[in-house]
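J.: Starting off with a structure, shown below.
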Amino acid sequence: MKKVSINTAVFLNQLENGRSQSECLKQLIGKPIAAIEVRGEFFQEDHRDLELATIQRLCKENDWQFYYSIPEALFTEGRLNENIFDYLVMANEFQIQGLKISLGDCQNTPASSLAKLQKALRAYSGVVTVENQPNQDGQLELFKDNLIKLLALVPELGYTFDSGNWYWIKEDPQSAFDSLKKWITVFHLKDIADLTTVRLGEGATNWQSMVQALNSEVPVFLEYGVATDEELDEEIQKVNLILWKGLQLTGNSL
């Protein structure tokens, strides 16, 4: 049965109070989830590799896929972020299956930079996805145009659709989803009301129909702060129910 995945943003209060991501993730043991995604901004640089090794063991022991969110943009004014190559080395070392990074501004990027990126991606055992961000680079028509052009040149990349980021740039999430659905390879799920992240069903996002419309191979990550373990269980159950219904509707096996 397809199951929801968890970004460590669900533990936001704990992380902001100094708890490590590896300790937070232990709270997920035994829960019906498929993957976890850690966030680069919550690692202490001098302890990152040690903690990643601990998280790698947790993933292996619990049969979780391992994803990593990079708190940077892949392109700035057409310049490729060279840090991506260090992240790819890190991902291979710790068997991280997916890296996510904001797209940024990829217009006028030299062909030589794209070729260098493509070569590195081909040597990576996982997939790097670019994400729509809540700034001028994330405006729907501009983002879509840049995404299509980039994927044509570097088809090894994937796309993470963030259902919440559209609200902050006054774009309609449903229109964005309908326009970009065919390129989505990872889905970041959150619900928004009055520019505040809320529990699923309490905001304006038609999240159930979005989840059901996704390709069955697309992982769905919860990516918003949840107050208690009980509430997290409830949010996991909400999404897993929709995923299960989606499999039934499409006739796919569990």
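Residues are named by chain letter and number: chains run A, B, ... in the order of the structure tokens, numbers start at 1 in each chain, and ligands are numbered from 1 in the order shown.
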Would you give me, as a VMD selection string, the residues in range 24-110 of chain A that DSSP reads as strand (DSSP E or B)?
T.: chain A and resid 35 to 39 65 to 76 79 to 80 98 to 104
J.: Any idea what's packed within 10 Å of Ser5 in chain A, counting only C-alpha atoms, ignoring anything in its chain fewer than 2 positions away? Could you give it as an mmCIF file with all heavy atoms, in the first residue's frame?
T.:
data_model
loop_
_atom_site.group_PDB
_atom_site.id
_atom_site.type_symbol
_atom_site.label_atom_id
_atom_site.label_comp_id
_atom_site.auth_asym_id
_atom_site.auth_seq_id
_atom_site.Cartn_x
_atom_site.Cartn_y
_atom_site.Cartn_z
ATOM 1 N N LYS A 2 0.556 2.209 -0.861
ATOM 2 C CA LYS A 2 1.303 3.459 -0.873
ATOM 3 C C LYS A 2 1.062 4.214 0.426
ATOM 4 O O LYS A 2 -0.065 4.268 0.934
ATOM 5 C CB LYS A 2 0.876 4.313 -2.065
ATOM 6 C CG LYS A 2 1.683 5.599 -2.195
ATOM 7 C CD LYS A 2 1.326 6.374 -3.441
ATOM 8 C CE LYS A 2 2.139 7.653 -3.530
ATOM 9 N NZ LYS A 2 1.842 8.446 -4.743
ATOM 10 N N LYS A 3 2.129 4.814 0.963
ATOM 11 C CA LYS A 3 2.033 5.524 2.238
ATOM 12 C C LYS A 3 2.608 6.918 2.118
ATOM 13 O O LYS A 3 3.456 7.188 1.270
ATOM 14 C CB LYS A 3 2.786 4.735 3.324
ATOM 15 C CG LYS A 3 2.177 3.386 3.643
ATOM 16 C CD LYS A 3 3.010 2.613 4.647
ATOM 17 C CE LYS A 3 4.269 2.055 4.005
ATOM 18 N NZ LYS A 3 4.991 1.129 4.914
ATOM 19 N N ASN A 7 8.435 15.092 5.969
ATOM 20 C CA ASN A 7 9.523 16.062 6.033
ATOM 21 C C ASN A 7 9.673 16.485 7.496
ATOM 22 O O ASN A 7 8.669 16.628 8.214
ATOM 23 C CB ASN A 7 9.179 17.268 5.155
ATOM 24 C CG ASN A 7 10.252 18.340 5.137
ATOM 25 O OD1 ASN A 7 10.444 19.058 6.113
ATOM 26 N ND2 ASN A 7 10.926 18.484 4.015
ATOM 27 N N THR A 8 10.909 16.686 7.959
ATOM 28 C CA THR A 8 11.108 16.999 9.377
ATOM 29 C C THR A 8 10.530 18.351 9.787
ATOM 30 O O THR A 8 10.549 18.696 10.971
ATOM 31 C CB THR A 8 12.604 16.946 9.759
ATOM 32 O OG1 THR A 8 13.355 17.775 8.869
ATOM 33 C CG2 THR A 8 13.125 15.519 9.700
ATOM 34 N N PRO A 32 2.990 4.353 9.810
ATOM 35 C CA PRO A 32 2.834 3.920 8.415
ATOM 36 C C PRO A 32 3.282 4.981 7.422
ATOM 37 O O PRO A 32 2.482 5.700 6.832
ATOM 38 C CB PRO A 32 1.328 3.648 8.308
ATOM 39 C CG PRO A 32 0.711 4.607 9.282
ATOM 40 C CD PRO A 32 1.687 4.687 10.432
ATOM 41 N N ILE A 33 4.595 5.087 7.247
ATOM 42 C CA ILE A 33 5.171 6.076 6.333
ATOM 43 C C ILE A 33 6.136 5.383 5.376
ATOM 44 O O ILE A 33 6.640 4.292 5.667
ATOM 45 C CB ILE A 33 5.886 7.212 7.082
ATOM 46 C CG1 ILE A 33 7.104 6.686 7.835
ATOM 47 C CG2 ILE A 33 4.918 7.928 8.032
ATOM 48 C CD1 ILE A 33 7.997 7.770 8.420
ATOM 49 N N ALA A 34 6.403 6.052 4.242
ATOM 50 C CA ALA A 34 7.267 5.460 3.224
ATOM 51 C C ALA A 34 8.675 6.045 3.211
ATOM 52 O O ALA A 34 9.638 5.353 2.875
ATOM 53 C CB ALA A 34 6.634 5.642 1.845
ATOM 54 N N ALA A 35 8.799 7.340 3.542
ATOM 55 C CA ALA A 35 10.090 8.024 3.411
ATOM 56 C C ALA A 35 10.163 9.182 4.390
ATOM 57 O O ALA A 35 9.141 9.650 4.910
ATOM 58 C CB ALA A 35 10.279 8.537 1.981
ATOM 59 N N ILE A 36 11.382 9.635 4.617
ATOM 60 C CA ILE A 36 11.591 10.838 5.427
ATOM 61 C C ILE A 36 12.461 11.813 4.631
ATOM 62 O O ILE A 36 13.265 11.387 3.787
ATOM 63 C CB ILE A 36 12.218 10.525 6.806
ATOM 64 C CG1 ILE A 36 13.588 9.807 6.659
ATOM 65 C CG2 ILE A 36 11.266 9.678 7.637
ATOM 66 C CD1 ILE A 36 14.782 10.730 6.655
ATOM 67 N N GLU A 37 12.282 13.096 4.898
ATOM 68 C CA GLU A 37 13.101 14.127 4.273
ATOM 69 C C GLU A 37 13.628 15.050 5.349
ATOM 70 O O GLU A 37 12.854 15.648 6.097
ATOM 71 C CB GLU A 37 12.287 14.922 3.252
ATOM 72 C CG GLU A 37 13.102 15.980 2.515
ATOM 73 C CD GLU A 37 12.304 16.667 1.419
ATOM 74 O OE1 GLU A 37 11.140 17.063 1.671
ATOM 75 O OE2 GLU A 37 12.840 16.805 0.300
ATOM 76 N N TRP A 64 12.705 3.029 5.308
ATOM 77 C CA TRP A 64 12.296 4.348 4.828
ATOM 78 C C TRP A 64 13.215 4.766 3.687
ATOM 79 O O TRP A 64 14.436 4.542 3.750
ATOM 80 C CB TRP A 64 12.422 5.412 5.916
ATOM 81 C CG TRP A 64 11.583 5.226 7.130
ATOM 82 C CD1 TRP A 64 10.383 4.576 7.236
ATOM 83 C CD2 TRP A 64 11.878 5.724 8.445
ATOM 84 N NE1 TRP A 64 9.917 4.622 8.525
ATOM 85 C CE2 TRP A 64 10.804 5.327 9.287
ATOM 86 C CE3 TRP A 64 12.912 6.465 8.990
ATOM 87 C CZ2 TRP A 64 10.769 5.650 10.648
ATOM 88 C CZ3 TRP A 64 12.890 6.789 10.338
ATOM 89 C CH2 TRP A 64 11.819 6.391 11.151
ATOM 90 N N GLN A 65 12.670 5.426 2.683
ATOM 91 C CA GLN A 65 13.507 6.102 1.718
ATOM 92 C C GLN A 65 14.028 7.385 2.356
ATOM 93 O O GLN A 65 13.400 7.949 3.250
ATOM 94 C CB GLN A 65 12.735 6.401 0.445
ATOM 95 C CG GLN A 65 12.391 5.152 -0.370
ATOM 96 C CD GLN A 65 11.823 5.507 -1.724
ATOM 97 O OE1 GLN A 65 10.928 6.334 -1.821
ATOM 98 N NE2 GLN A 65 12.334 4.886 -2.770
ATOM 99 N N PHE A 66 15.169 7.859 1.871
ATOM 100 C CA PHE A 66 15.898 8.956 2.512
ATOM 101 C C PHE A 66 16.003 10.122 1.522
ATOM 102 O O PHE A 66 16.566 9.980 0.440
ATOM 103 C CB PHE A 66 17.287 8.430 2.906
ATOM 104 C CG PHE A 66 18.106 9.334 3.790
ATOM 105 C CD1 PHE A 66 17.643 10.565 4.241
ATOM 106 C CD2 PHE A 66 19.390 8.932 4.179
ATOM 107 C CE1 PHE A 66 18.423 11.370 5.047
ATOM 108 C CE2 PHE A 66 20.175 9.732 4.993
ATOM 109 C CZ PHE A 66 19.694 10.958 5.424
ATOM 110 N N TYR A 67 15.441 11.274 1.917
ATOM 111 C CA TYR A 67 15.482 12.488 1.096
ATOM 112 C C TYR A 67 16.114 13.626 1.908
ATOM 113 O O TYR A 67 16.098 13.613 3.133
ATOM 114 C CB TYR A 67 14.073 12.905 0.662
ATOM 115 C CG TYR A 67 13.429 12.004 -0.370
ATOM 116 C CD1 TYR A 67 12.977 10.731 -0.037
ATOM 117 C CD2 TYR A 67 13.241 12.436 -1.680
ATOM 118 C CE1 TYR A 67 12.378 9.904 -0.981
ATOM 119 C CE2 TYR A 67 12.635 11.627 -2.632
ATOM 120 C CZ TYR A 67 12.204 10.365 -2.272
ATOM 121 O OH TYR A 67 11.611 9.561 -3.207
ATOM 122 N N PHE A 187 5.839 15.530 -4.273
ATOM 123 C CA PHE A 187 4.772 16.442 -3.881
ATOM 124 C C PHE A 187 4.929 16.829 -2.417
ATOM 125 O O PHE A 187 4.928 15.963 -1.543
ATOM 126 C CB PHE A 187 3.408 15.778 -4.092
ATOM 127 C CG PHE A 187 2.226 16.681 -3.938
ATOM 128 C CD1 PHE A 187 1.778 17.480 -4.969
ATOM 129 C CD2 PHE A 187 1.528 16.726 -2.726
ATOM 130 C CE1 PHE A 187 0.664 18.304 -4.833
ATOM 131 C CE2 PHE A 187 0.421 17.552 -2.573
ATOM 132 C CZ PHE A 187 -0.005 18.340 -3.631
ATOM 133 N N HIS A 188 5.103 18.131 -2.158
ATOM 134 C CA HIS A 188 5.142 18.644 -0.790
ATOM 135 C C HIS A 188 3.759 19.173 -0.429
ATOM 136 O O HIS A 188 3.263 20.114 -1.053
ATOM 137 C CB HIS A 188 6.182 19.753 -0.665
ATOM 138 C CG HIS A 188 7.560 19.249 -0.425
ATOM 139 N ND1 HIS A 188 8.629 20.093 -0.177
ATOM 140 C CD2 HIS A 188 8.070 17.990 -0.355
ATOM 141 C CE1 HIS A 188 9.718 19.365 0.015
ATOM 142 N NE2 HIS A 188 9.403 18.097 -0.095
ATOM 143 N N LEU A 189 3.149 18.563 0.573
ATOM 144 C CA LEU A 189 1.759 18.849 0.923
ATOM 145 C C LEU A 189 1.657 19.703 2.179
ATOM 146 O O LEU A 189 2.247 19.382 3.214
ATOM 147 C CB LEU A 189 1.012 17.528 1.133
ATOM 148 C CG LEU A 189 -0.428 17.625 1.635
ATOM 149 C CD1 LEU A 189 -1.306 18.411 0.661
ATOM 150 C CD2 LEU A 189 -0.988 16.225 1.859
ATOM 151 N N PRO A 219 5.993 10.427 -4.515
ATOM 152 C CA PRO A 219 5.896 10.455 -3.054
ATOM 153 C C PRO A 219 5.245 11.746 -2.571
ATOM 154 O O PRO A 219 5.473 12.818 -3.141
ATOM 155 C CB PRO A 219 7.352 10.359 -2.592
ATOM 156 C CG PRO A 219 8.158 10.885 -3.742
ATOM 157 C CD PRO A 219 7.391 10.543 -4.984
ATOM 158 N N VAL A 220 4.429 11.632 -1.524
ATOM 159 C CA VAL A 220 3.718 12.778 -0.952
ATOM 160 C C VAL A 220 4.265 13.023 0.447
ATOM 161 O O VAL A 220 4.131 12.175 1.335
ATOM 162 C CB VAL A 220 2.198 12.514 -0.889
ATOM 163 C CG1 VAL A 220 1.485 13.677 -0.220
ATOM 164 C CG2 VAL A 220 1.643 12.262 -2.289
ATOM 165 N N PHE A 221 4.869 14.192 0.650
ATOM 166 C CA PHE A 221 5.489 14.533 1.931
ATOM 167 C C PHE A 221 4.642 15.543 2.698
ATOM 168 O O PHE A 221 4.291 16.596 2.152
ATOM 169 C CB PHE A 221 6.870 15.150 1.718
ATOM 170 C CG PHE A 221 7.943 14.166 1.365
ATOM 171 C CD1 PHE A 221 8.152 13.803 0.042
ATOM 172 C CD2 PHE A 221 8.748 13.603 2.348
ATOM 173 C CE1 PHE A 221 9.154 12.897 -0.292
ATOM 174 C CE2 PHE A 221 9.748 12.705 2.019
ATOM 175 C CZ PHE A 221 9.948 12.341 0.694
ATOM 176 N N LEU A 222 4.342 15.251 3.956
ATOM 177 C CA LEU A 222 3.794 16.266 4.853
ATOM 178 C C LEU A 222 4.928 17.223 5.199
ATOM 179 O O LEU A 222 6.006 16.786 5.599
ATOM 180 C CB LEU A 222 3.254 15.627 6.129
ATOM 181 C CG LEU A 222 2.068 14.666 5.995
ATOM 182 C CD1 LEU A 222 1.663 14.149 7.372
ATOM 183 C CD2 LEU A 222 0.896 15.336 5.310
ATOM 184 N N GLU A 223 4.666 18.532 5.063
ATOM 185 C CA GLU A 223 5.746 19.507 5.267
ATOM 186 C C GLU A 223 5.214 20.738 5.993
ATOM 187 O O GLU A 223 5.207 21.838 5.456
ATOM 188 C CB GLU A 223 6.376 19.909 3.921
ATOM 189 C CG GLU A 223 7.720 20.606 4.087
ATOM 190 C CD GLU A 223 8.122 21.425 2.871
ATOM 191 O OE1 GLU A 223 7.243 21.812 2.071
ATOM 192 O OE2 GLU A 223 9.325 21.702 2.734
ATOM 193 N N ILE A 236 -1.261 11.789 9.210
ATOM 194 C CA ILE A 236 -0.783 10.630 8.446
ATOM 195 C C ILE A 236 -1.965 9.790 7.980
ATOM 196 O O ILE A 236 -2.033 9.365 6.811
ATOM 197 C CB ILE A 236 0.191 9.789 9.296
ATOM 198 C CG1 ILE A 236 1.517 10.535 9.468
ATOM 199 C CG2 ILE A 236 0.430 8.415 8.668
ATOM 200 C CD1 ILE A 236 2.473 9.877 10.451
ATOM 201 N N VAL A 239 -3.950 11.371 4.977
ATOM 202 C CA VAL A 239 -3.322 11.246 3.663
ATOM 203 C C VAL A 239 -3.284 9.791 3.206
ATOM 204 O O VAL A 239 -3.566 9.489 2.040
ATOM 205 C CB VAL A 239 -1.914 11.853 3.665
ATOM 206 C CG1 VAL A 239 -1.309 11.788 2.259
ATOM 207 C CG2 VAL A 239 -1.951 13.298 4.140
ATOM 208 N N ASN A 240 -2.970 8.884 4.105
ATOM 209 C CA ASN A 240 -2.931 7.473 3.716
ATOM 210 C C ASN A 240 -4.284 6.984 3.223
ATOM 211 O O ASN A 240 -4.374 6.167 2.301
ATOM 212 C CB ASN A 240 -2.437 6.611 4.876
ATOM 213 C CG ASN A 240 -0.923 6.628 5.023
ATOM 214 O OD1 ASN A 240 -0.208 7.028 4.095
ATOM 215 N ND2 ASN A 240 -0.425 6.207 6.164
#
J.: Using only C-alpha atoms, which residues sit within 10 Å of range 203-216 of chain A once same-chain residues fewer than 5 positions away are excluded, as a VMD selection string?
T.: chain A and resid 2 163 to 164 167 172 to 174 177 to 178 181 to 182 184 to 187 189 to 198 238 to 239 241 to 247 249 to 250 252
J.: Please run DSSP on the backbone and report, as a PyMOL selection string, all residues within range 77-173 of chain A that come out as alpha helix (DSSP H).
T.: chain A and resi 83-93+111-122+140-153+173
J.: Here is a test: counting only C-alpha atoms, which residue of A:Glu72, A:Asp86, A:Glu23, A:Asp145 is nearest to Ile55 in chain A?
T.: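 Looking at the shortest contact to Ile55 in chain A, the residue is A:Glu23.
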J.: What does the distance between CA of Leu50 in chain A and CA of Lys26 in chain A come to in Å, to one decimal place?
T.: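 So the two atoms, CA of Leu50 in chain A and CA of Lys26 in chain A, lie 15.8 Å apart.
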J.: Would you kindly return, as a list of chain:residue names, each protein, DNA or RNA residue with an atom no farther than 9 Å from any atom of Glu77 in chain A, considering only C-alpha atoms and excluding same-chain residues fewer than 4 positions away?
T.: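 What passes the distance filter is A:Gly104, A:Asp105, A:Cys106, A:Gln107, A:Asn108, A:Thr109.
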J.: For a quick check of understanding, using only C-alpha atoms, which of A:Leu114, A:Glu171, A:Arg39, A:Trp166 has the smallest distance to Lys149 in chain A?
T.: A:Leu114
J.: Hey, what's within 12 Å of Ser69 in chain A if we count only C-alpha atoms and toss same-chain stuff fewer than 6 positions away? As a PyMOL selection string, please?
T.: chain A and resi 6-9+36-43+84+87+91+96-102+128-131+160+186+188+221+223
J.: Nearest to Ala123 in chain A: which of A:Ala152, A:Ala73, A:Ala111, A:Val89 is it, counting only C-alpha atoms?
T.: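 Using only C-alpha atoms, the shortest distance to Ala123 in chain A belongs to A:Val89.
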J.: For a quick check of understanding, using only C-alpha atoms, which of A:Glu61, A:Val218, A:Gln136, A:Ile29 has the smallest distance to Phe161 in chain A?
T.: A:Val218
J.: Could you work out how far CA of Ser179 in chain A lies from CA of Glu141 in chain A, giving the answer in Å with one decimal?
T.: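 Straight-line distance from CA of Glu141 in chain A to CA of Ser179 in chain A works out to 9.2 Å.
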J.: If we count only C-alpha atoms, what is near Leu232 in chain A at a cut-off of 10 Å, once residues fewer than 4 positions away on the same chain are taken out, given as a PyMOL selection string?
T.: chain A and resi 6+10-11+28+31+199+222+225-228+236-238
J.: Restricted to all heavy atoms, what would the selected residues look like written as an mmCIF file, in the first residue's frame?
T.:
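That gives us selection14.cif:
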data_model
loop_
_atom_site.group_PDB
_atom_site.id
_atom_site.type_symbol
_atom_site.label_atom_id
_atom_site.label_comp_id
_atom_site.auth_asym_id
_atom_site.auth_seq_id
_atom_site.Cartn_x
_atom_site.Cartn_y
_atom_site.Cartn_z
ATOM 1 N N ILE A 6 7.294 11.885 5.282
ATOM 2 C CA ILE A 6 7.389 12.938 6.300
ATOM 3 C C ILE A 6 8.634 13.793 6.122
ATOM 4 O O ILE A 6 9.760 13.279 6.106
ATOM 5 C CB ILE A 6 7.405 12.334 7.720
ATOM 6 C CG1 ILE A 6 6.142 11.518 7.991
ATOM 7 C CG2 ILE A 6 7.580 13.436 8.776
ATOM 8 C CD1 ILE A 6 4.865 12.327 8.047
ATOM 9 N N VAL A 10 7.580 18.767 10.170
ATOM 10 C CA VAL A 10 6.488 18.433 11.098
ATOM 11 C C VAL A 10 6.944 18.609 12.541
ATOM 12 O O VAL A 10 6.118 18.793 13.443
ATOM 13 C CB VAL A 10 5.944 17.000 10.869
ATOM 14 C CG1 VAL A 10 5.415 16.831 9.456
ATOM 15 C CG2 VAL A 10 6.977 15.935 11.209
ATOM 16 N N PHE A 11 8.248 18.553 12.785
ATOM 17 C CA PHE A 11 8.802 18.700 14.133
ATOM 18 C C PHE A 11 9.357 20.099 14.365
ATOM 19 O O PHE A 11 10.266 20.280 15.187
ATOM 20 C CB PHE A 11 9.916 17.669 14.350
ATOM 21 C CG PHE A 11 9.498 16.244 14.152
ATOM 22 C CD1 PHE A 11 10.028 15.498 13.106
ATOM 23 C CD2 PHE A 11 8.577 15.640 14.994
ATOM 24 C CE1 PHE A 11 9.653 14.180 12.911
ATOM 25 C CE2 PHE A 11 8.194 14.319 14.812
ATOM 26 C CZ PHE A 11 8.723 13.586 13.759
ATOM 27 N N LEU A 28 9.023 8.555 14.651
ATOM 28 C CA LEU A 28 8.269 8.011 13.518
ATOM 29 C C LEU A 28 8.351 6.493 13.418
ATOM 30 O O LEU A 28 7.644 5.889 12.606
ATOM 31 C CB LEU A 28 8.794 8.614 12.213
ATOM 32 C CG LEU A 28 8.656 10.129 12.063
ATOM 33 C CD1 LEU A 28 9.308 10.583 10.765
ATOM 34 C CD2 LEU A 28 7.195 10.560 12.093
ATOM 35 N N LYS A 31 5.338 4.052 12.555
ATOM 36 C CA LYS A 31 4.233 4.740 11.892
ATOM 37 C C LYS A 31 4.175 4.323 10.415
ATOM 38 O O LYS A 31 5.198 3.986 9.806
ATOM 39 C CB LYS A 31 4.391 6.257 12.014
ATOM 40 C CG LYS A 31 4.318 6.774 13.441
ATOM 41 C CD LYS A 31 4.302 8.297 13.481
ATOM 42 C CE LYS A 31 4.398 8.834 14.910
ATOM 43 N NZ LYS A 31 3.248 8.456 15.740
ATOM 44 N N ARG A 199 -3.687 22.621 9.734
ATOM 45 C CA ARG A 199 -3.869 21.184 9.534
ATOM 46 C C ARG A 199 -4.692 20.935 8.277
ATOM 47 O O ARG A 199 -5.491 21.778 7.849
ATOM 48 C CB ARG A 199 -4.536 20.563 10.761
ATOM 49 C CG ARG A 199 -3.665 20.626 12.014
ATOM 50 C CD ARG A 199 -4.328 19.919 13.183
ATOM 51 N NE ARG A 199 -4.454 18.484 12.926
ATOM 52 C CZ ARG A 199 -5.089 17.649 13.749
ATOM 53 N NH1 ARG A 199 -5.655 18.103 14.860
ATOM 54 N NH2 ARG A 199 -5.159 16.357 13.465
ATOM 55 N N LEU A 222 4.342 15.251 3.956
ATOM 56 C CA LEU A 222 3.794 16.266 4.853
ATOM 57 C C LEU A 222 4.928 17.223 5.199
ATOM 58 O O LEU A 222 6.006 16.786 5.599
ATOM 59 C CB LEU A 222 3.254 15.627 6.129
ATOM 60 C CG LEU A 222 2.068 14.666 5.995
ATOM 61 C CD1 LEU A 222 1.663 14.149 7.372
ATOM 62 C CD2 LEU A 222 0.896 15.336 5.310
ATOM 63 N N GLY A 225 4.483 22.217 10.371
ATOM 64 C CA GLY A 225 4.584 21.928 11.790
ATOM 65 C C GLY A 225 3.315 21.307 12.352
ATOM 66 O O GLY A 225 2.212 21.774 12.077
ATOM 67 N N VAL A 226 3.479 20.240 13.124
ATOM 68 C CA VAL A 226 2.362 19.561 13.785
ATOM 69 C C VAL A 226 2.632 19.574 15.288
ATOM 70 O O VAL A 226 3.732 19.242 15.734
ATOM 71 C CB VAL A 226 2.204 18.117 13.268
ATOM 72 C CG1 VAL A 226 1.041 17.430 13.974
ATOM 73 C CG2 VAL A 226 1.988 18.110 11.753
ATOM 74 N N ALA A 227 1.628 19.954 16.050
ATOM 75 C CA ALA A 227 1.839 20.244 17.469
ATOM 76 C C ALA A 227 2.137 19.011 18.311
ATOM 77 O O ALA A 227 3.023 19.029 19.172
ATOM 78 C CB ALA A 227 0.628 20.986 18.032
ATOM 79 N N THR A 228 1.402 17.927 18.100
ATOM 80 C CA THR A 228 1.524 16.770 18.984
ATOM 81 C C THR A 228 1.659 15.482 18.169
ATOM 82 O O THR A 228 1.329 15.429 16.982
ATOM 83 C CB THR A 228 0.290 16.623 19.904
ATOM 84 O OG1 THR A 228 -0.863 16.301 19.088
ATOM 85 C CG2 THR A 228 0.040 17.911 20.673
ATOM 86 N N ILE A 236 -1.261 11.789 9.210
ATOM 87 C CA ILE A 236 -0.783 10.630 8.446
ATOM 88 C C ILE A 236 -1.965 9.790 7.980
ATOM 89 O O ILE A 236 -2.033 9.365 6.811
ATOM 90 C CB ILE A 236 0.191 9.789 9.296
ATOM 91 C CG1 ILE A 236 1.517 10.535 9.468
ATOM 92 C CG2 ILE A 236 0.430 8.415 8.668
ATOM 93 C CD1 ILE A 236 2.473 9.877 10.451
ATOM 94 N N GLN A 237 -2.901 9.565 8.887
ATOM 95 C CA GLN A 237 -4.078 8.756 8.549
ATOM 96 C C GLN A 237 -4.906 9.416 7.446
ATOM 97 O O GLN A 237 -5.394 8.735 6.530
ATOM 98 C CB GLN A 237 -4.937 8.539 9.798
ATOM 99 C CG GLN A 237 -6.137 7.624 9.566
ATOM 100 C CD GLN A 237 -6.944 7.398 10.830
ATOM 101 O OE1 GLN A 237 -6.948 8.226 11.740
ATOM 102 N NE2 GLN A 237 -7.640 6.274 10.905
ATOM 103 N N LYS A 238 -5.065 10.739 7.506
ATOM 104 C CA LYS A 238 -5.842 11.457 6.481
ATOM 105 C C LYS A 238 -5.261 11.213 5.093
ATOM 106 O O LYS A 238 -5.991 10.911 4.143
ATOM 107 C CB LYS A 238 -5.828 12.962 6.758
ATOM 108 C CG LYS A 238 -6.647 13.442 7.933
ATOM 109 C CD LYS A 238 -6.451 14.954 8.105
ATOM 110 C CE LYS A 238 -7.069 15.468 9.381
ATOM 111 N NZ LYS A 238 -6.799 16.924 9.577
#
J.: Hey, what's within 8 Å of Glu156 in chain A if we count only C-alpha atoms and toss same-chain stuff fewer than 6 positions away? As a PyMOL selection string, please?
T.: chain A and resi 118+121-122+127-128
J.: In Å to one decimal, how far is CA of Ile148 in chain A from CA of Ala176 in chain A?
T.: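 Computing the Euclidean distance for CA of Ala176 in chain A and CA of Ile148 in chain A yields 14.0 Å.
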